[in-house]
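The file upload-v3.cif contains mmCIF, C-alpha atoms and all ligand atoms:
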data_coords
#
loop_
_atom_site.group_PDB
_atom_site.id
_atom_site.type_symbol
_atom_site.label_atom_id
_atom_site.label_comp_id
_atom_site.auth_asym_id
_atom_site.auth_seq_id
_atom_site.Cartn_x
_atom_site.Cartn_y
_atom_site.Cartn_z
ATOM 1 C CA MET L 27 28.112 -7.391 31.550
ATOM 2 C CA SER L 28 25.364 -5.318 33.150
ATOM 3 C CA ARG L 29 25.100 -1.631 33.820
ATOM 4 C CA LYS L 30 25.335 -0.075 37.290
ATOM 5 C CA THR L 31 21.939 0.455 38.881
ATOM 6 C CA VAL L 32 20.631 3.234 41.098
ATOM 7 C CA ALA L 33 21.091 0.835 44.038
ATOM 8 C CA ASP L 34 24.789 0.493 43.124
ATOM 9 C CA ILE L 35 25.136 4.290 42.977
ATOM 10 C CA LYS L 36 23.469 4.760 46.370
ATOM 11 C CA GLU L 37 25.637 2.045 47.873
ATOM 12 C CA MET L 38 28.743 3.950 46.795
ATOM 13 C CA LYS L 39 27.827 6.744 49.226
ATOM 14 C CA GLU L 40 27.335 4.229 52.033
ATOM 15 C CA LYS L 41 30.751 2.733 51.309
ATOM 16 C CA GLY L 42 32.414 6.143 50.956
ATOM 17 C CA GLN L 43 33.412 5.458 47.325
ATOM 18 C CA PRO L 44 33.603 8.660 45.229
ATOM 19 C CA ILE L 45 31.256 8.586 42.222
ATOM 20 C CA VAL L 46 32.724 9.459 38.817
ATOM 21 C CA MET L 47 30.300 10.956 36.315
ATOM 22 C CA VAL L 48 31.064 12.509 32.922
ATOM 23 C CA THR L 49 28.790 13.660 30.148
ATOM 24 C CA ALA L 50 28.599 11.785 26.845
ATOM 25 C CA TYR L 51 26.576 12.534 23.735
ATOM 26 C CA ASP L 52 27.783 9.978 21.187
ATOM 27 C CA TYR L 53 29.074 6.438 20.715
ATOM 28 C CA PRO L 54 32.857 7.016 20.682
ATOM 29 C CA LEU L 55 33.045 9.167 23.804
ATOM 30 C CA SER L 56 30.598 6.867 25.585
ATOM 31 C CA ARG L 57 32.774 3.898 24.759
ATOM 32 C CA LEU L 58 36.029 5.588 25.780
ATOM 33 C CA ALA L 59 34.605 6.997 29.028
ATOM 34 C CA GLN L 60 33.334 3.555 29.995
ATOM 35 C CA GLU L 61 36.652 1.931 29.116
ATOM 36 C CA ALA L 62 38.233 4.538 31.414
ATOM 37 C CA GLY L 63 35.969 3.454 34.274
ATOM 38 C CA ALA L 64 33.293 6.175 34.605
ATOM 39 C CA ASP L 65 30.507 5.064 36.966
ATOM 40 C CA ILE L 66 27.789 7.218 35.390
ATOM 41 C CA LEU L 67 27.411 8.736 31.922
ATOM 42 C CA LEU L 68 25.182 11.776 31.826
ATOM 43 C CA VAL L 69 23.614 12.480 28.458
ATOM 44 C CA GLY L 70 23.421 16.127 29.426
ATOM 45 C CA ASP L 71 21.459 18.817 27.660
ATOM 46 C CA SER L 72 24.841 20.602 27.641
ATOM 47 C CA LEU L 73 24.822 18.770 24.297
ATOM 48 C CA GLY L 74 23.224 22.008 23.057
ATOM 49 C CA ASN L 75 26.238 24.163 23.938
ATOM 50 C CA VAL L 76 29.144 21.803 23.391
ATOM 51 C CA VAL L 77 28.022 19.757 20.377
ATOM 52 C CA LEU L 78 25.165 21.566 18.616
ATOM 53 C CA GLY L 79 26.571 25.085 18.938
ATOM 54 C CA TYR L 80 23.526 26.658 20.632
ATOM 55 C CA GLU L 81 23.821 29.638 22.986
ATOM 56 C CA SER L 82 22.024 27.841 25.802
ATOM 57 C CA THR L 83 20.443 24.510 26.680
ATOM 58 C CA THR L 84 16.942 25.939 26.212
ATOM 59 C CA SER L 85 17.182 25.164 22.457
ATOM 60 C CA VAL L 86 17.613 21.424 23.029
ATOM 61 C CA ASP L 87 14.522 19.281 22.422
ATOM 62 C CA MET L 88 13.382 15.710 23.036
ATOM 63 C CA GLU L 89 14.496 14.495 19.601
ATOM 64 C CA ASP L 90 18.059 15.729 20.256
ATOM 65 C CA MET L 91 18.136 13.916 23.598
ATOM 66 C CA VAL L 92 16.588 10.636 22.421
ATOM 67 C CA ARG L 93 19.035 10.335 19.517
ATOM 68 C CA ALA L 94 22.098 11.215 21.614
ATOM 69 C CA CYS L 95 21.053 8.901 24.429
ATOM 70 C CA ALA L 96 20.515 5.954 22.068
ATOM 71 C CA ALA L 97 24.025 6.452 20.616
ATOM 72 C CA VAL L 98 25.538 6.573 24.120
ATOM 73 C CA ALA L 99 23.593 3.471 25.188
ATOM 74 C CA ARG L 100 24.756 1.490 22.132
ATOM 75 C CA ALA L 101 28.360 1.621 23.377
ATOM 76 C CA PRO L 102 29.205 -1.431 25.486
ATOM 77 C CA GLY L 103 30.112 -0.926 29.127
ATOM 78 C CA GLU L 104 28.962 -0.963 32.708
ATOM 79 C CA ALA L 105 28.246 2.711 33.367
ATOM 80 C CA HIS L 106 24.808 3.766 34.518
ATOM 81 C CA ILE L 107 23.237 5.981 31.849
ATOM 82 C CA VAL L 108 21.207 8.974 32.996
ATOM 83 C CA CYS L 109 19.598 11.277 30.457
ATOM 84 C CA ASP L 110 18.662 14.919 30.986
ATOM 85 C CA MET L 111 15.057 15.952 30.519
ATOM 86 C CA PRO L 112 15.339 18.977 28.206
ATOM 87 C CA PHE L 113 13.702 22.373 28.681
ATOM 88 C CA LEU L 114 9.868 22.181 28.554
ATOM 89 C CA SER L 115 9.820 18.378 28.516
ATOM 90 C CA PHE L 116 8.820 18.217 32.210
ATOM 91 C CA GLN L 117 7.606 21.686 33.241
ATOM 92 C CA ILE L 118 4.178 21.591 31.586
ATOM 93 C CA SER L 119 2.625 18.735 33.556
ATOM 94 C CA PRO L 120 3.681 15.589 35.419
ATOM 95 C CA GLU L 121 1.800 13.518 32.794
ATOM 96 C CA GLU L 122 3.768 15.047 29.930
ATOM 97 C CA ALA L 123 6.974 14.593 31.923
ATOM 98 C CA LEU L 124 6.159 10.903 32.360
ATOM 99 C CA ARG L 125 5.550 10.486 28.626
ATOM 100 C CA ASN L 126 8.867 12.173 27.798
ATOM 101 C CA ALA L 127 10.855 10.339 30.496
ATOM 102 C CA GLY L 128 9.387 7.105 29.146
ATOM 103 C CA ARG L 129 10.788 7.920 25.705
ATOM 104 C CA LEU L 130 14.284 8.488 27.141
ATOM 105 C CA ILE L 131 14.106 5.078 28.817
ATOM 106 C CA ARG L 132 12.403 3.150 25.998
ATOM 107 C CA GLU L 133 13.861 4.765 22.851
ATOM 108 C CA GLY L 134 17.022 6.256 24.372
ATOM 109 C CA GLY L 135 18.057 3.269 26.479
ATOM 110 C CA ALA L 136 18.645 5.361 29.651
ATOM 111 C CA GLN L 137 18.330 3.781 33.094
ATOM 112 C CA SER L 138 17.266 7.022 34.769
ATOM 113 C CA VAL L 139 16.522 10.657 33.976
ATOM 114 C CA LYS L 140 17.762 13.966 35.397
ATOM 115 C CA MET L 141 15.578 16.953 36.047
ATOM 116 C CA GLU L 142 16.563 20.511 36.991
ATOM 117 C CA GLY L 143 14.754 22.332 39.781
ATOM 118 C CA GLY L 144 13.913 22.412 43.484
ATOM 119 C CA ARG L 145 10.594 22.124 45.309
ATOM 120 C CA GLN L 146 8.617 23.114 42.195
ATOM 121 C CA VAL L 147 9.454 19.775 40.523
ATOM 122 C CA VAL L 148 8.505 17.606 43.516
ATOM 123 C CA PRO L 149 5.078 16.512 42.120
ATOM 124 C CA THR L 150 6.760 15.536 38.834
ATOM 125 C CA VAL L 151 9.566 13.650 40.560
ATOM 126 C CA LYS L 152 6.951 11.719 42.564
ATOM 127 C CA LYS L 153 4.977 10.870 39.415
ATOM 128 C CA LEU L 154 8.053 9.452 37.671
ATOM 129 C CA VAL L 155 9.389 7.577 40.680
ATOM 130 C CA GLU L 156 5.940 6.044 41.347
ATOM 131 C CA SER L 157 5.905 4.951 37.705
ATOM 132 C CA GLY L 158 9.245 3.170 38.102
ATOM 133 C CA ILE L 159 11.543 5.766 36.551
ATOM 134 C CA PRO L 160 14.503 6.724 38.769
ATOM 135 C CA VAL L 161 15.222 10.461 38.895
ATOM 136 C CA MET L 162 18.433 12.361 39.556
ATOM 137 C CA GLY L 163 17.817 15.911 40.832
ATOM 138 C CA HIS L 164 19.823 19.024 39.914
ATOM 139 C CA ILE L 165 19.902 22.241 41.957
ATOM 140 C CA GLY L 166 22.154 25.281 42.341
ATOM 141 C CA LEU L 167 22.992 26.711 38.949
ATOM 142 C CA THR L 168 20.321 25.208 36.711
ATOM 143 C CA PRO L 169 21.247 26.242 33.144
ATOM 144 C CA GLN L 170 17.695 25.832 31.773
ATOM 145 C CA SER L 171 16.717 28.798 34.011
ATOM 146 C CA VAL L 172 19.610 30.967 32.824
ATOM 147 C CA HIS L 173 17.267 33.809 31.836
ATOM 148 C CA GLN L 174 15.616 33.835 35.268
ATOM 149 C CA LEU L 175 18.935 33.502 37.110
ATOM 150 C CA GLY L 176 20.354 36.367 35.052
ATOM 151 C CA GLY L 177 23.428 34.456 33.873
ATOM 152 C CA TYR L 178 25.661 31.541 34.796
ATOM 153 C CA ARG L 179 26.379 32.558 38.405
ATOM 154 C CA VAL L 180 27.308 30.841 41.631
ATOM 155 C CA GLN L 181 24.160 30.086 43.644
ATOM 156 C CA GLY L 182 23.572 29.913 47.397
ATOM 157 C CA ARG L 183 25.940 32.643 48.508
ATOM 158 C CA SER L 184 23.461 34.495 50.728
ATOM 159 C CA LEU L 185 21.940 33.001 53.870
ATOM 160 C CA GLU L 186 18.484 33.106 52.284
ATOM 161 C CA GLU L 187 19.611 31.349 49.077
ATOM 162 C CA ALA L 188 21.625 28.777 51.023
ATOM 163 C CA ARG L 189 18.564 27.948 53.176
ATOM 164 C CA ARG L 190 16.419 27.624 50.047
ATOM 165 C CA LEU L 191 18.883 25.223 48.437
ATOM 166 C CA LEU L 192 19.075 23.060 51.559
ATOM 167 C CA GLU L 193 15.275 22.930 51.715
ATOM 168 C CA ASP L 194 15.127 22.059 47.996
ATOM 169 C CA ALA L 195 17.631 19.239 48.533
ATOM 170 C CA LEU L 196 15.650 17.798 51.454
ATOM 171 C CA ALA L 197 12.354 18.068 49.538
ATOM 172 C CA LEU L 198 13.830 16.282 46.516
ATOM 173 C CA GLU L 199 15.231 13.488 48.669
ATOM 174 C CA GLU L 200 11.840 13.124 50.313
ATOM 175 C CA ALA L 201 10.190 13.011 46.856
ATOM 176 C CA GLY L 202 12.414 10.059 45.907
ATOM 177 C CA VAL L 203 15.384 11.253 43.819
ATOM 178 C CA TYR L 204 18.208 8.718 44.020
ATOM 179 C CA SER L 205 20.994 11.300 43.753
ATOM 180 C CA LEU L 206 21.404 15.037 43.388
ATOM 181 C CA VAL L 207 23.650 17.226 41.228
ATOM 182 C CA LEU L 208 24.869 20.389 42.977
ATOM 183 C CA GLU L 209 26.103 22.899 40.428
ATOM 184 C CA ALA L 210 28.124 26.041 41.186
ATOM 185 C CA VAL L 211 27.498 26.372 44.905
ATOM 186 C CA PRO L 212 30.022 27.289 47.618
ATOM 187 C CA TRP L 213 31.812 24.192 48.894
ATOM 188 C CA GLN L 214 30.741 24.724 52.498
ATOM 189 C CA LEU L 215 27.060 24.635 51.520
ATOM 190 C CA ALA L 216 27.576 21.592 49.253
ATOM 191 C CA GLN L 217 29.313 19.757 52.107
ATOM 192 C CA LEU L 218 26.521 20.635 54.522
ATOM 193 C CA ILE L 219 23.849 19.417 52.064
ATOM 194 C CA THR L 220 25.852 16.226 51.386
ATOM 195 C CA ARG L 221 26.046 15.463 55.107
ATOM 196 C CA ARG L 222 22.315 16.058 55.591
ATOM 197 C CA LEU L 223 21.254 13.711 52.745
ATOM 198 C CA ARG L 224 21.208 9.906 52.651
ATOM 199 C CA ILE L 225 21.353 9.965 48.828
ATOM 200 C CA PRO L 226 24.637 10.820 47.059
ATOM 201 C CA THR L 227 25.399 14.320 45.852
ATOM 202 C CA ILE L 228 27.392 14.809 42.657
ATOM 203 C CA GLY L 229 29.135 18.138 42.426
ATOM 204 C CA ILE L 230 30.141 20.348 39.536
ATOM 205 C CA GLY L 231 31.777 23.479 40.902
ATOM 206 C CA ALA L 232 30.679 22.430 44.400
ATOM 207 C CA GLY L 233 33.936 21.348 46.030
ATOM 208 C CA LEU L 234 35.396 18.175 47.445
ATOM 209 C CA GLY L 235 32.709 17.569 50.047
ATOM 210 C CA CYS L 236 30.275 16.004 47.555
ATOM 211 C CA ASP L 237 29.920 12.228 47.155
ATOM 212 C CA GLY L 238 30.952 12.385 43.508
ATOM 213 C CA GLN L 239 32.061 14.756 40.778
ATOM 214 C CA VAL L 240 30.871 15.425 37.240
ATOM 215 C CA LEU L 241 32.432 17.373 34.380
ATOM 216 C CA VAL L 242 31.282 18.044 30.844
ATOM 217 C CA ILE L 243 33.546 15.729 28.882
ATOM 218 C CA HIS L 244 34.387 18.317 26.212
ATOM 219 C CA ASP L 245 35.679 20.649 28.965
ATOM 220 C CA LEU L 246 37.664 17.828 30.567
ATOM 221 C CA ILE L 247 39.411 16.791 27.333
ATOM 222 C CA GLY L 248 39.913 20.295 25.928
ATOM 223 C CA LEU L 249 37.387 20.129 23.118
ATOM 224 C CA SER L 250 35.310 23.162 24.074
ATOM 225 C CA PHE L 251 35.741 26.799 23.181
ATOM 226 C CA GLY L 252 35.813 30.029 25.163
ATOM 227 C CA LYS L 253 36.963 30.612 28.716
ATOM 228 C CA PRO L 254 36.150 27.570 30.851
ATOM 229 C CA ALA L 255 34.335 27.979 34.177
ATOM 230 C CA LYS L 256 36.507 28.284 37.322
ATOM 231 C CA PHE L 257 35.767 24.683 38.344
ATOM 232 C CA VAL L 258 36.902 23.095 35.051
ATOM 233 C CA LYS L 259 40.150 21.175 35.065
ATOM 234 C CA ARG L 260 41.470 20.247 31.627
ATOM 235 C CA TYR L 261 43.029 16.788 31.562
ATOM 236 C CA ALA L 262 43.948 16.855 27.854
ATOM 237 C CA GLN L 263 44.124 19.207 24.869
ATOM 238 C CA VAL L 264 42.221 17.125 22.326
ATOM 239 C CA GLY L 265 41.184 20.236 20.374
ATOM 240 C CA GLU L 266 44.860 20.995 19.691
ATOM 241 C CA ILE L 267 45.484 17.407 18.556
ATOM 242 C CA ILE L 268 42.534 17.545 16.138
ATOM 243 C CA ARG L 269 43.563 20.938 14.736
ATOM 244 C CA GLN L 270 47.109 19.722 14.127
ATOM 245 C CA ALA L 271 45.957 16.417 12.575
ATOM 246 C CA VAL L 272 43.656 18.181 10.089
ATOM 247 C CA ALA L 273 46.358 20.766 9.263
ATOM 248 C CA ASP L 274 48.840 17.913 8.578
ATOM 249 C CA PHE L 275 46.287 16.179 6.348
ATOM 250 C CA ALA L 276 45.605 19.416 4.445
ATOM 251 C CA ALA L 277 49.335 19.982 3.876
ATOM 252 C CA ASP L 278 49.803 16.388 2.639
ATOM 253 C CA VAL L 279 46.883 16.696 0.210
ATOM 254 C CA ARG L 280 48.100 20.023 -1.159
ATOM 255 C CA GLU L 281 51.679 18.759 -1.530
ATOM 256 C CA LYS L 282 50.467 15.451 -3.032
ATOM 257 C CA ARG L 283 52.068 13.421 -0.221
ATOM 258 C CA TYR L 284 48.774 11.680 0.574
ATOM 259 C CA PRO L 285 47.616 9.027 -0.287
ATOM 260 C CA GLU L 286 50.808 6.960 -0.150
ATOM 261 C CA PRO L 287 51.069 3.583 -1.927
ATOM 262 C CA ALA L 288 50.044 1.841 1.285
ATOM 263 C CA HIS L 289 46.694 3.676 1.244
ATOM 264 C CA GLN L 290 45.729 2.658 -2.311
ATOM 265 C CA TYR L 291 43.924 -0.374 -3.738
ATOM 266 C CA ASN L 292 45.771 -2.368 -6.435
ATOM 267 C CA LEU L 293 44.599 -4.230 -9.500
ATOM 268 C CA SER L 294 46.499 -7.488 -10.030
ATOM 269 C CA PRO L 295 49.203 -7.111 -12.758
ATOM 270 C CA GLU L 296 47.245 -9.560 -14.998
ATOM 271 C CA THR L 297 43.979 -7.605 -14.698
ATOM 272 C CA TRP L 298 45.776 -4.306 -15.240
ATOM 273 C CA GLU L 299 47.481 -5.637 -18.392
ATOM 274 C CA ALA L 300 44.217 -7.063 -19.713
ATOM 275 C CA LEU L 301 42.396 -3.824 -19.001
ATOM 276 C CA GLN L 302 44.996 -1.747 -20.820
ATOM 277 C CA LYS L 303 44.845 -4.095 -23.844
ATOM 278 C CA ALA L 304 41.070 -3.963 -23.891
ATOM 279 C CA LEU L 305 41.089 -0.173 -23.789
ATOM 280 C CA GLU L 306 43.803 0.090 -26.488
ATOM 281 C CA SER L 307 41.782 -2.045 -28.907
ATOM 282 C CA ARG L 308 38.674 0.154 -28.631
HETATM 283 O O1 LIG J 401 23.840 19.017 30.986
HETATM 284 C C1 LIG J 401 24.826 18.838 31.716
HETATM 285 O O2 LIG J 401 25.945 18.601 31.268
HETATM 286 C C2 LIG J 401 24.638 18.917 33.154
HETATM 287 C C3 LIG J 401 25.862 18.901 34.010
HETATM 288 C C4 LIG J 401 26.476 20.227 33.995
HETATM 289 C C5 LIG J 401 25.570 18.423 35.377
HETATM 290 O O3 LIG J 401 23.540 19.031 33.611
#
Could you take the file, read its structure, and then write that structure out as structure tokens?
Ligand code: KIV
Amino acid sequence: MSRKTVADIKEMKEKGQPIVMVTAYDYPLSRLAQEAGADILLVGDSLGNVVLGYESTTSVDMEDMVRACAAVARAPGEAHIVCDMPFLSFQISPEEALRNAGRLIREGGAQSVKMEGGRQVVPTVKKLVESGIPVMGHIGLTPQSVHQLGGYRVQGRSLEEARRLLEDALALEEAGVYSLVLEAVPWQLAQLITRRLRIPTIGIGAGLGCDGQVLVIHDLIGLSFGKPAKFVKRYAQVGEIIRQAVADFAADVREKRYPEPAHQYNLSPETWEALQKALESR
């Protein structure tokens, strides 16, 4: 069983097959998402918010990403695994970006990496692609720039911003990205960008006109806290199930209903008798 390649992902656009991407940060969710048929698993730096409890993704570092990616890659399946390059792992220089991307491939087991940013990351994208590392781009709302953007806001609403995003998308395609995430942009602009590109776009809060869709898995299954973004659709309430399961366990422990006989280990009657005799004679 082999994993989907960047060529497979690009072919999906040509064939008009919608691309399904979800985030994953650990072995169990990687395994379940692949059993459910996800085409791509994104080891997103959203790990920082949804799993590590940070305020923003800017606190996530290379060690966090390498460890999470390796756990995701250990789960069997056919999904393509793309790993986010965390804040400051690619902005300093293309050489440092190459070193860090290499770690995500070699130690993390990713098949490609994702990088946030428009035209400013073109030299770095080129360096990685020339070195044999496929890159997924990410424009629109780029959470690593939250402080510069002034919050988690929809991008590309004005004519000027929309033009800039289209130019960024074209520059990234030209630089060699194999696909592009469009986050929190009006659907009309996302559709226009998707039609202008040969590579697939994967939308999150970017409407139906993209070639694929991605959601943070904890949002999708109801395991995240706070008010979800407008584009999130919850397909399950796993948080509720966990809360209830732990509350039931706590009640059983306190009422001495757990463990039941079926959950205990037994000595054989002979050993038990011999043990009691031995202890009595001491
Ligand atoms: O880190 C992440 O989860 C992402 C998605 C929101 C695309 O970058």
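Distances from L:Ser157, L:Thr227, L:Ser294, L:Thr220 to ligand LIG 401 (chain J) were compared using only C-alpha atoms and all ligand atoms, and the smallest one belongs to L:Thr227.
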Suppose a student applies the PyMOL selection byres (((chain L and resi 257) around 12) and not hetatm) to this structure; what residues should they get, written as a list in words? Val180, Glu209, Ala210, Val211, Pro212, Trp213, Gly229, Ile230, Gly231, Ala232, Gly233, Leu234, Gln239, Val240, Leu241, Val242, Asp245, Leu246, Lys253, Pro254, Ala255, Lys256, Val258, Lys259 and Arg260 of chain L
Using the selection just defined, write its residues with C-alpha atoms as a PDB file, keeping the file's coordinate frame.
ATOM      1  CA  VAL L 180      27.308  30.841  41.631  1.00  0.00           C
ATOM      2  CA  GLU L 209      26.103  22.899  40.428  1.00  0.00           C
ATOM      3  CA  ALA L 210      28.124  26.041  41.186  1.00  0.00           C
ATOM      4  CA  VAL L 211      27.498  26.372  44.905  1.00  0.00           C
ATOM      5  CA  PRO L 212      30.022  27.289  47.618  1.00  0.00           C
ATOM      6  CA  TRP L 213      31.812  24.192  48.894  1.00  0.00           C
ATOM      7  CA  GLY L 229      29.135  18.138  42.426  1.00  0.00           C
ATOM      8  CA  ILE L 230      30.141  20.348  39.536  1.00  0.00           C
ATOM      9  CA  GLY L 231      31.777  23.479  40.902  1.00  0.00           C
ATOM     10  CA  ALA L 232      30.679  22.430  44.400  1.00  0.00           C
ATOM     11  CA  GLY L 233      33.936  21.348  46.030  1.00  0.00           C
ATOM     12  CA  LEU L 234      35.396  18.175  47.445  1.00  0.00           C
ATOM     13  CA  GLN L 239      32.061  14.756  40.778  1.00  0.00           C
ATOM     14  CA  VAL L 240      30.871  15.425  37.240  1.00  0.00           C
ATOM     15  CA  LEU L 241      32.432  17.373  34.380  1.00  0.00           C
ATOM     16  CA  VAL L 242      31.282  18.044  30.844  1.00  0.00           C
ATOM     17  CA  ASP L 245      35.679  20.649  28.965  1.00  0.00           C
ATOM     18  CA  LEU L 246      37.664  17.828  30.567  1.00  0.00           C
ATOM     19  CA  LYS L 253      36.963  30.612  28.716  1.00  0.00           C
ATOM     20  CA  PRO L 254      36.150  27.570  30.851  1.00  0.00           C
ATOM     21  CA  ALA L 255      34.335  27.979  34.177  1.00  0.00           C
ATOM     22  CA  LYS L 256      36.507  28.284  37.322  1.00  0.00           C
ATOM     23  CA  VAL L 258      36.902  23.095  35.051  1.00  0.00           C
ATOM     24  CA  LYS L 259      40.150  21.175  35.065  1.00  0.00           C
ATOM     25  CA  ARG L 260      41.470  20.247  31.627  1.00  0.00           C
TER      26      ARG L 260
END
Taking the file as shown, what set of residues would the PyMOL selection byres (((chain L and resi 131) around 12) and not hetatm) give back, as a ChimeraX atom specification? /L:91-93,95-96,99,107-111,124-130,132-140,154,158-161
What does the file look like for those residues with C-alpha atoms, as a short mmCIF file (atom, residue, chain, number, x, y, z; two decimals), in the coordinates of the input?
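The result, stored in again10.cif:
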data_model
loop_
_atom_site.label_atom_id
_atom_site.label_comp_id
_atom_site.auth_asym_id
_atom_site.auth_seq_id
_atom_site.Cartn_x
_atom_site.Cartn_y
_atom_site.Cartn_z
CA MET L 91 18.14 13.92 23.60
CA VAL L 92 16.59 10.64 22.42
CA ARG L 93 19.04 10.34 19.52
CA CYS L 95 21.05 8.90 24.43
CA ALA L 96 20.52 5.95 22.07
CA ALA L 99 23.59 3.47 25.19
CA ILE L 107 23.24 5.98 31.85
CA VAL L 108 21.21 8.97 33.00
CA CYS L 109 19.60 11.28 30.46
CA ASP L 110 18.66 14.92 30.99
CA MET L 111 15.06 15.95 30.52
CA LEU L 124 6.16 10.90 32.36
CA ARG L 125 5.55 10.49 28.63
CA ASN L 126 8.87 12.17 27.80
CA ALA L 127 10.86 10.34 30.50
CA GLY L 128 9.39 7.10 29.15
CA ARG L 129 10.79 7.92 25.70
CA LEU L 130 14.28 8.49 27.14
CA ARG L 132 12.40 3.15 26.00
CA GLU L 133 13.86 4.76 22.85
CA GLY L 134 17.02 6.26 24.37
CA GLY L 135 18.06 3.27 26.48
CA ALA L 136 18.64 5.36 29.65
CA GLN L 137 18.33 3.78 33.09
CA SER L 138 17.27 7.02 34.77
CA VAL L 139 16.52 10.66 33.98
CA LYS L 140 17.76 13.97 35.40
CA LEU L 154 8.05 9.45 37.67
CA GLY L 158 9.24 3.17 38.10
CA ILE L 159 11.54 5.77 36.55
CA PRO L 160 14.50 6.72 38.77
CA VAL L 161 15.22 10.46 38.90
#
Atom pair CA of Val48 (chain L) + CA of Ile243 (chain L), distance 5.7 Å
Please list as a tab-separated table (two decimals) with C-alpha atoms, in the frame of the given file every residue within 12 Å of Asp65 (chain L), counting only C-alpha atoms and excluding residues in the same chain fewer than 4 positions away.
chain	number	residue	atom	x	y	z
L	29	ARG	CA	25.10	-1.63	33.82
L	30	LYS	CA	25.34	-0.08	37.29
L	31	THR	CA	21.94	0.46	38.88
L	32	VAL	CA	20.63	3.23	41.10
L	34	ASP	CA	24.79	0.49	43.12
L	35	ILE	CA	25.14	4.29	42.98
L	36	LYS	CA	23.47	4.76	46.37
L	38	MET	CA	28.74	3.95	46.80
L	43	GLN	CA	33.41	5.46	47.32
L	44	PRO	CA	33.60	8.66	45.23
L	45	ILE	CA	31.26	8.59	42.22
L	46	VAL	CA	32.72	9.46	38.82
L	47	MET	CA	30.30	10.96	36.32
L	48	VAL	CA	31.06	12.51	32.92
L	49	THR	CA	28.79	13.66	30.15
L	56	SER	CA	30.60	6.87	25.58
L	59	ALA	CA	34.60	7.00	29.03
L	60	GLN	CA	33.33	3.56	30.00
L	61	GLU	CA	36.65	1.93	29.12
L	103	GLY	CA	30.11	-0.93	29.13
L	104	GLU	CA	28.96	-0.96	32.71
L	105	ALA	CA	28.25	2.71	33.37
L	106	HIS	CA	24.81	3.77	34.52
L	107	ILE	CA	23.24	5.98	31.85
L	108	VAL	CA	21.21	8.97	33.00
L	228	ILE	CA	27.39	14.81	42.66
L	238	GLY	CA	30.95	12.38	43.51
L	239	GLN	CA	32.06	14.76	40.78
L	240	VAL	CA	30.87	15.42	37.24
If I take CA of Asp237 (chain L) and CA of Ala216 (chain L), how far is one from the other in Å, to one decimal? 9.9 Å
As AutoDock Vina command-line options, what would the box around ligand LIG 401 (chain J) look like: edges along x, y and z, 6 Å added on every side, centre and edge lengths in Å to one decimal?
--center_x 25.0 --center_y 19.3 --center_z 33.2 --size_x 14.9 --size_y 13.8 --size_z 16.4
I need the output of the PyMOL selection byres (((chain L and resi 74-89) around 6) and not hetatm) for this file as a PyMOL selection string; which residues are they? chain L and resi 71-73+90-92+112-113+170
How would the residues just picked look written out with C-alpha atoms as a compact mmCIF listing (two decimals), keeping the file's coordinate frame?
# COMPACT_ATOMS: atom_id res chain seq x y z
CA ASP L 71 21.46 18.82 27.66
CA SER L 72 24.84 20.60 27.64
CA LEU L 73 24.82 18.77 24.30
CA ASP L 90 18.06 15.73 20.26
CA MET L 91 18.14 13.92 23.60
CA VAL L 92 16.59 10.64 22.42
CA PRO L 112 15.34 18.98 28.21
CA PHE L 113 13.70 22.37 28.68
CA GLN L 170 17.70 25.83 31.77
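Here the question is which of L:His164, L:Arg222, L:Lys41, L:Lys303 gets nearest to Leu196 (chain L) using all atoms listed in the file, and that residue is L:Arg222.
Between ligand LIG 401 (chain J) and the residues L:Val264, L:Ile165, L:Ile225, L:Val148, the shortest atom-to-atom distance, using only C-alpha atoms and all ligand atoms, involves L:Ile165.
Counting from CA of Ile268 (chain L), the distance to CA of Pro169 (chain L) is 28.6 Å.
Closest approach to ligand LIG 401 (chain J) from the set L:Ala50, L:Val155, L:Leu191, L:Ala62 is made by L:Ala50, with distances taken over all atoms listed in the file.
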Near Leu58 (chain L), counting all atoms listed in the file, which residues have an atom at most 10 Å away, once you skip same-chain residues fewer than 5 positions from it, shown as an MDAnalysis selection string? chainID L and resid 50 53 63:64 101:103
Residue with smallest distance to ligand LIG 401 (chain J) - pool L:Ala276, L:Ala123, L:Ala188, L:Met141, counting all atoms listed in the file: L:Met141
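Closest approach to ligand LIG 401 (chain J) among L:His173, L:Arg308, L:His289, L:His244 is made by L:His244 (distances from only C-alpha atoms and all ligand atoms).
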Arg189 (chain L) surroundings by only C-alpha atoms, 12 Å radius, close-in-sequence under 6 positions cut, as a PyMOL selection string: chain L and resi 166+181-183+195-196+215-216+218-219
Neighbour list for region 149-153 of chain L as a PyMOL selection string, cut-off 6 Å, all atoms listed in the file, skip fewer than 2 positions in-chain: chain L and resi 120+147+155-156+201
